[in-house]
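Have a look at model12.txt below; it lists compact mmCIF, C-alpha atoms and all ligand atoms.
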```txt
# COMPACT_ATOMS: atom_id res chain seq x y z
CA MET A 1 29.92 82.36 75.76
CA MET A 2 32.41 83.89 78.18
CA GLU A 3 35.82 84.49 76.68
CA PRO A 4 38.47 82.36 78.41
CA GLU A 5 40.80 84.32 80.67
CA ASN A 6 43.85 83.61 78.53
CA GLY A 7 42.09 84.87 75.39
CA HIS A 8 42.33 81.46 73.67
CA ARG A 9 39.21 80.23 71.95
CA ALA A 10 37.36 77.32 73.51
CA HIS A 11 34.39 75.28 72.39
CA GLY A 12 32.74 75.08 75.79
CA PHE A 13 32.98 76.76 79.14
CA SER A 14 36.58 77.18 80.33
CA SER A 15 37.03 75.80 83.82
CA ALA A 16 39.59 78.59 84.43
CA PHE A 17 36.66 80.64 85.75
CA PHE A 18 35.60 78.31 88.54
CA LEU A 19 38.11 75.48 89.13
CA ASP A 20 41.53 75.82 90.69
CA SER A 21 44.14 74.48 88.23
CA ASP A 22 46.71 73.93 90.95
CA GLU A 23 44.25 71.90 93.04
CA ILE A 24 43.67 69.65 90.02
CA ILE A 25 47.27 69.34 88.84
CA MET A 26 48.58 68.62 92.34
CA GLU A 27 46.39 65.51 92.29
CA LEU A 28 48.52 64.17 89.44
CA ASP A 29 51.65 64.13 91.59
CA LEU A 30 53.89 64.97 88.64
CA LYS A 31 57.63 64.46 88.98
CA GLY A 32 58.44 66.97 86.21
CA SER A 33 59.60 64.73 83.40
CA GLU A 34 56.46 62.86 82.38
CA THR A 35 54.55 62.81 79.13
CA VAL A 36 51.25 64.42 80.07
CA MET A 37 48.15 64.93 77.93
CA ASP A 38 45.46 67.54 78.51
CA ALA A 39 42.72 65.79 76.54
CA GLY A 40 39.93 68.18 75.56
CA CYS A 41 42.19 71.08 76.50
CA GLY A 42 39.82 73.90 75.47
CA ASP A 43 41.63 77.18 76.07
CA GLY A 44 44.62 75.13 77.24
CA HIS A 45 44.99 76.77 80.64
CA ASN A 46 45.69 73.45 82.38
CA ALA A 47 48.20 72.35 79.72
CA ILE A 48 49.98 75.70 79.99
CA LYS A 49 50.03 75.58 83.78
CA ILE A 50 51.50 72.06 83.68
CA LEU A 51 54.16 73.23 81.22
CA GLU A 52 55.07 76.38 83.08
CA ASP A 53 54.89 75.20 86.68
CA TYR A 54 55.01 71.40 86.93
CA ASN A 55 56.58 69.55 84.03
CA HIS A 56 59.68 71.41 82.85
CA GLU A 57 61.52 68.36 81.59
CA GLY A 58 58.58 66.44 80.17
CA ILE A 59 56.28 66.65 77.17
CA VAL A 60 52.77 68.08 77.21
CA TYR A 61 50.18 67.16 74.61
CA ALA A 62 47.22 69.50 74.22
CA VAL A 63 44.42 67.78 72.31
CA ASP A 64 41.08 69.18 71.23
CA VAL A 65 38.59 68.64 68.43
CA TYR A 66 38.02 72.40 68.08
CA ASP A 67 40.42 73.78 65.49
CA ALA A 68 40.49 77.33 66.95
CA SER A 69 41.66 76.02 70.34
CA ILE A 70 44.56 74.24 68.71
CA GLU A 71 45.40 77.27 66.54
CA ASP A 72 45.61 79.39 69.69
CA MET A 73 47.81 76.79 71.38
CA GLU A 74 50.11 76.86 68.34
CA THR A 75 50.32 80.65 68.66
CA TYR A 76 51.19 80.30 72.35
CA LYS A 77 53.85 77.70 71.49
CA ARG A 78 55.41 79.93 68.82
CA ASP A 79 55.26 83.15 70.83
CA ASN A 80 56.81 81.54 73.87
CA ASN A 81 59.27 79.24 72.13
CA VAL A 82 57.94 76.16 73.88
CA GLU A 83 59.54 73.07 72.43
CA ASN A 84 57.97 70.45 74.66
CA LEU A 85 54.34 71.27 73.78
CA ILE A 86 52.62 69.19 71.11
CA ASN A 87 49.22 70.41 69.98
CA ILE A 88 46.91 68.01 68.17
CA GLU A 89 43.53 68.71 66.63
CA ALA A 90 41.66 65.43 66.96
CA ASP A 91 38.43 63.81 68.00
CA ILE A 92 39.46 61.57 70.87
CA THR A 93 36.69 59.09 70.03
CA GLU A 94 38.18 58.57 66.55
CA GLY A 95 41.78 58.21 67.68
CA ILE A 96 44.53 60.73 68.30
CA PRO A 97 46.95 60.71 65.37
CA GLY A 98 50.67 60.86 66.06
CA VAL A 99 50.43 59.45 69.57
CA ASP A 100 51.93 55.97 69.87
CA GLY A 101 50.40 53.19 71.91
CA GLU A 102 51.46 53.07 75.56
CA SER A 103 53.37 56.35 75.30
CA VAL A 104 51.61 58.71 77.74
CA ASP A 105 52.27 58.76 81.50
CA VAL A 106 49.34 60.90 82.60
CA ILE A 107 46.10 61.86 80.85
CA LEU A 108 44.00 64.65 82.35
CA MET A 109 40.43 65.35 81.25
CA VAL A 110 38.60 68.19 82.94
CA ASN A 111 34.90 68.68 82.16
CA VAL A 112 35.14 66.69 78.94
CA PHE A 113 33.93 63.21 79.74
CA HIS A 114 30.20 64.01 80.01
CA GLY A 115 30.36 64.98 76.32
CA PHE A 116 31.11 61.37 75.40
CA LYS A 117 27.99 60.26 77.22
CA ALA A 118 25.99 62.89 75.35
CA SER A 119 27.38 61.71 72.00
CA ARG A 120 27.11 58.01 72.97
CA LYS A 121 30.82 57.54 72.32
CA LEU A 122 31.91 56.39 75.78
CA ASP A 123 33.43 53.09 74.63
CA GLU A 124 35.28 54.70 71.74
CA ALA A 125 36.76 57.34 74.06
CA VAL A 126 37.93 54.85 76.66
CA ASP A 127 39.39 52.56 73.97
CA GLU A 128 41.60 55.41 72.79
CA LEU A 129 42.68 56.39 76.31
CA ALA A 130 43.50 52.73 77.02
CA ARG A 131 45.54 52.55 73.81
CA ILE A 132 47.83 55.50 74.53
CA ILE A 133 48.35 55.19 78.29
CA LYS A 134 51.57 53.53 79.48
CA LYS A 135 51.41 50.32 81.46
CA ASP A 136 52.22 52.23 84.65
CA GLY A 137 50.46 55.44 83.60
CA LYS A 138 47.27 56.98 84.92
CA ILE A 139 44.13 58.51 83.46
CA ALA A 140 42.54 61.27 85.56
CA ILE A 141 38.94 62.19 84.82
CA MET A 142 37.47 65.20 86.57
CA ASP A 143 33.82 65.95 85.98
CA TYR A 144 30.65 67.28 87.51
CA LYS A 145 28.95 65.12 90.13
CA ALA A 146 25.81 63.38 88.92
CA TRP A 147 23.59 65.85 90.73
CA ASP A 148 20.54 67.64 89.43
CA VAL A 149 21.92 71.14 89.90
CA PRO A 150 21.74 74.08 87.50
CA LYS A 151 25.45 74.61 86.81
CA GLY A 152 27.06 72.13 84.48
CA PRO A 153 25.78 69.67 81.88
CA PRO A 154 22.24 68.26 81.86
CA THR A 155 21.79 65.63 84.58
CA GLN A 156 21.32 62.77 82.11
CA TYR A 157 24.83 63.31 80.71
CA ARG A 158 26.54 63.19 84.09
CA SER A 159 28.16 59.99 85.38
CA SER A 160 28.86 58.85 88.92
CA PRO A 161 32.28 57.52 89.91
CA ASP A 162 30.70 54.03 90.03
CA ASP A 163 29.41 54.42 86.47
CA LEU A 164 32.91 55.35 85.31
CA GLU A 165 34.49 52.54 87.28
CA ASN A 166 32.22 49.98 85.57
CA LEU A 167 32.95 51.49 82.18
CA PHE A 168 36.74 51.58 82.62
CA ASN A 169 36.77 48.08 84.16
CA SER A 170 35.19 46.76 80.97
CA HIS A 171 38.17 48.18 79.04
CA GLY A 172 40.82 46.55 81.22
CA LEU A 173 41.43 49.56 83.46
CA LYS A 174 41.09 49.66 87.23
CA LYS A 175 40.32 52.49 89.63
CA ILE A 176 43.38 53.62 91.58
CA TYR A 177 42.11 56.83 93.17
CA LEU A 178 38.92 58.78 93.88
CA ASN A 179 38.50 62.26 95.31
CA GLU A 180 34.90 63.37 95.79
CA ASP A 181 35.81 66.54 97.61
CA ILE A 182 37.12 68.73 94.81
CA GLY A 183 35.98 71.59 92.63
CA GLU A 184 33.78 74.53 93.29
CA ASP A 185 31.81 75.10 96.49
CA ILE A 186 28.12 74.91 95.66
CA PRO A 187 25.22 74.71 98.13
CA GLN A 188 25.16 70.88 97.88
CA GLY A 189 28.92 70.51 98.57
CA LYS A 190 31.87 70.24 96.20
CA SER A 191 30.82 70.32 92.58
CA HIS A 192 33.18 67.70 91.12
CA PHE A 193 34.93 64.38 91.57
CA LEU A 194 38.30 63.29 90.25
CA ILE A 195 38.85 59.62 89.54
CA MET A 196 41.98 57.91 88.25
CA PHE A 197 42.42 54.68 86.34
CA ALA A 198 45.40 52.53 85.40
CA LYS A 199 45.95 49.36 83.41
CA ASP A 200 44.90 46.22 85.21
C1 LIG B 301 33.84 72.27 78.69
S1 LIG B 301 35.27 72.33 77.68
C2 LIG B 301 36.56 72.05 78.90
C3 LIG B 301 37.91 72.53 78.41
C4 LIG B 301 39.04 72.39 79.42
N1 LIG B 301 39.35 71.00 79.70
C5 LIG B 301 38.75 73.13 80.69
O1 LIG B 301 38.73 72.50 81.75
O2 LIG B 301 38.57 74.36 80.63
C6 LIG B 301 35.26 70.77 76.79
C7 LIG B 301 36.32 70.69 75.70
O3 LIG B 301 36.38 69.33 75.21
C8 LIG B 301 36.52 69.36 73.82
N2 LIG B 301 36.00 68.12 73.27
C9 LIG B 301 34.73 67.68 73.33
N3 LIG B 301 34.61 66.48 72.70
C10 LIG B 301 35.84 66.17 72.24
C11 LIG B 301 36.36 65.07 71.49
N4 LIG B 301 35.57 64.07 71.09
N5 LIG B 301 37.68 65.07 71.18
C12 LIG B 301 38.47 66.10 71.56
N6 LIG B 301 38.03 67.17 72.26
C13 LIG B 301 36.73 67.21 72.60
C14 LIG B 301 35.71 70.58 73.39
O4 LIG B 301 36.07 71.04 72.10
C15 LIG B 301 36.04 71.58 74.51
O5 LIG B 301 37.19 72.32 74.21
```
Go ahead and express the file in the form of C-alpha cells.
Amino acid sequence: MMEPENGHRAHGFSSAFFLDSDEIIMELDLKGSETVMDAGCGDGHNAIKILEDYNHEGIVYAVDVYDASIEDMETYKRDNNVENLINIEADITEGIPGVDGESVDVILMVNVFHGFKASRKLDEAVDELARIIKKDGKIAIMDYKAWDVPKGPPTQYRSSPDDLENLFNSHGLKKIYLNEDIGEDIPQGKSHFLIMFAKD
C-alpha cells in the first residue's frame, strides 16, 4: 500500500494522491463555523484541510474504524494544539459513540461508501448518518462511478447516484445536490460523483 502523503496510517488508498481536496470541500459551501464530520477519514487529509483552511470557528470530527488512523490524528491534534478536532475510532455501521443525535451540520464521506455495499451494511450506515445529521444539515457522499474500470473498487460494490437516492429516500433523506463531473480525469470521463442528502 502507498504511504499517505501526510505520513498518517490509512486502511485503504488515500485519495490525497488523486483527488483534489479543495475541489471536494468547496462543494460543501462551508461558512466556517459548522460542525463537520469526515466519516471514514483515513489519513485525515480532508479533515485537516477543513480545519486549517475552511472551518476555523467550527468543530471537525474525524471518524474511522482503523485504530492507527485515529492514533495519528490524535498525534496531529496534540502536536498542533488543535482544540476543535475530535477524533473517534468507531465503526459507522455500529454507531458513532459520543456524537449526539441531530448535532452535525455536514458529513463528508470520500471513497468510503462502497465499503458498506461490500459488507452488506448499507442500511446500518445510513441509519447512523440519519441519526447524527441536523435537521438542516447535509450528507455528502463522494464515490467512484459505477463503471467497470480498473481503478477503484470492484464493479459490483459500486453504486450509481440513483441507487444511493433510492437507499437514502428509504431512510427519510432526500437528494439535494448531484455533481457527476468531479474527481480524476480517466479515459471514460470524470471518475467520481458527489451526491448530497438532507432530511425530508
Ligand atoms: C479508501 S479509504 C478513504 C479514506 C479517506 N476518506 C480518503 O478519501 O482518503 C476508506 C476509509 O474508510 C474507513 N472505513 C471503512 N469502513 C468503515 C466503517 N464501517 N466505519 C468507519 N470507517 C470505515 C477505512 O478504515 C478507511 O480509512
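You can rank A:Met37, A:Ile133, A:Ile59, A:Leu30 by their closest distance to ligand LIG 301 (chain B) using only C-alpha atoms and all ligand atoms, and at the top of that list sits A:Met37.
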**Request:** Could you pull out the residues sitting within 7 Å of ligand LIG 301 (chain B), using only C-alpha atoms and all ligand atoms, and write them as a VMD selection string?
**Result:** chain A and resid 10 to 16 39 to 45 63 to 66 69 90 to 93 109 to 112 115 to 116
**Selection near Phe113 in chain A, 9 Å with only C-alpha atoms, sequence-local residues under 6 positions removed, as a PyMOL selection string** = chain A and resi 40+122+125+141-143+158-159
Keeping only C-alpha atoms, write the selected residues as a tab-separated table (two decimals), in the frame of the given file.
```
chain	number	residue	atom	x	y	z
A	40	GLY	CA	39.93	68.18	75.56
A	122	LEU	CA	31.91	56.39	75.78
A	125	ALA	CA	36.76	57.34	74.06
A	141	ILE	CA	38.94	62.19	84.82
A	142	MET	CA	37.47	65.20	86.57
A	143	ASP	CA	33.82	65.95	85.98
A	158	ARG	CA	26.54	63.19	84.09
A	159	SER	CA	28.16	59.99	85.38
```
**Message:** Set the distance at 7 Å and use all atoms listed in the file: which residues neighbour Arg131 in chain A once local chain neighbours fewer than 2 positions away are removed? I'd like the list as a PyMOL selection string.
**Reply:** chain A and resi 101-102+127-129+133
**Asked** Distance CA of Ser33 in chain A-CA of Leu51 in chain A, one decimal place?
**Response**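 Pair CA of Ser33 in chain A / CA of Leu51 in chain A returns 10.3 Å.
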**Prompt:** Which one is closest to Ala146 in chain A: A:Asn87, A:Asn81, A:Asn166, A:Gln188? Count all atoms listed in the file.
**Reply:**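 Counting all atoms listed in the file, the residue closest to Ala146 in chain A is A:Gln188.
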**Complete:** Of A:Leu194, A:Ala130, A:Ile186, A:Leu167, the one sitting nearest Met26 in chain A when using all atoms listed in the file is A:Leu194
**Prompt:** Which distance in Å separates CA of Asp123 in chain A and CA of Tyr157 in chain A, to one decimal?
**Reply:**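 Result for CA of Asp123 in chain A versus CA of Tyr157 in chain A: 14.7 Å, one decimal.
Candidate residues A:Gly172, A:Gly7, A:Gly137, A:Gly152 were compared for distance to Met73 in chain A, and the nearest is A:Gly7, using only C-alpha atoms.
CA of Ile182 in chain A is found 25.2 Å from CA of His8 in chain A.
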**Message:** Just checking: using all atoms listed in the file, which residue out of A:Glu5, A:Asp67, A:Glu124, A:Asp38 ends up closest to Ile86 in chain A?
**Reply:**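 The answer is A:Asp38, which sits nearest to Ile86 in chain A.
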**Request:** Write out as a ChimeraX atom specification the residues lying within 12 Å of Lys49 in chain A, counting all atoms listed in the file and excluding same-chain residues fewer than 5 positions away.
**Result:** /A:6,16,20-26,36,38,41,43-44,54-56,60,62,85
**Message:** Ranking A:Gly58, A:Arg78, A:Leu28, A:Glu71 by minimum distance to Ile176 in chain A and counting only C-alpha atoms, which one comes first?
**Reply:**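 Of the candidates, the smallest distance to Ile176 in chain A is held by A:Leu28.
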Just the residues within 10 Å of Gln156 in chain A, please, counting only C-alpha atoms, with nothing from its chain fewer than 2 positions along; format it as a PDB file with C-alpha atoms, in the frame of the given file.
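For reference, part-v3.pdb as written:
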```
ATOM      1  CA  HIS A 114      30.200  64.010  80.010  1.00  0.00           C
ATOM      2  CA  LYS A 117      27.990  60.260  77.220  1.00  0.00           C
ATOM      3  CA  ALA A 118      25.990  62.890  75.350  1.00  0.00           C
ATOM      4  CA  ALA A 146      25.810  63.380  88.920  1.00  0.00           C
ATOM      5  CA  TRP A 147      23.590  65.850  90.730  1.00  0.00           C
ATOM      6  CA  ASP A 148      20.540  67.640  89.430  1.00  0.00           C
ATOM      7  CA  PRO A 153      25.780  69.670  81.880  1.00  0.00           C
ATOM      8  CA  PRO A 154      22.240  68.260  81.860  1.00  0.00           C
ATOM      9  CA  ARG A 158      26.540  63.190  84.090  1.00  0.00           C
ATOM     10  CA  SER A 159      28.160  59.990  85.380  1.00  0.00           C
TER      11      SER A 159
END
```
Find the residues with any atom within 6 Å of (47.3, 55.9, 85.8); use all atoms listed in the file and the coordinates as given in the file, and write the answer as a compact mmCIF listing (two decimals) with C-alpha atoms, keeping the file's coordinate frame.
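Just written: selection_14.txt:
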```txt
# COMPACT_ATOMS: atom_id res chain seq x y z
CA GLY A 137 50.46 55.44 83.60
CA LYS A 138 47.27 56.98 84.92
CA ILE A 139 44.13 58.51 83.46
CA PHE A 197 42.42 54.68 86.34
CA ALA A 198 45.40 52.53 85.40
```
**Request:** Name the residues, using the chain letters and numbers of the file, that sit within 8 Å of (52.1, 45.6, 83.6) when counting only C-alpha atoms, and give them as a list in words.
**Result:** Lys135, Asp136, Lys199 and Asp200 of chain A
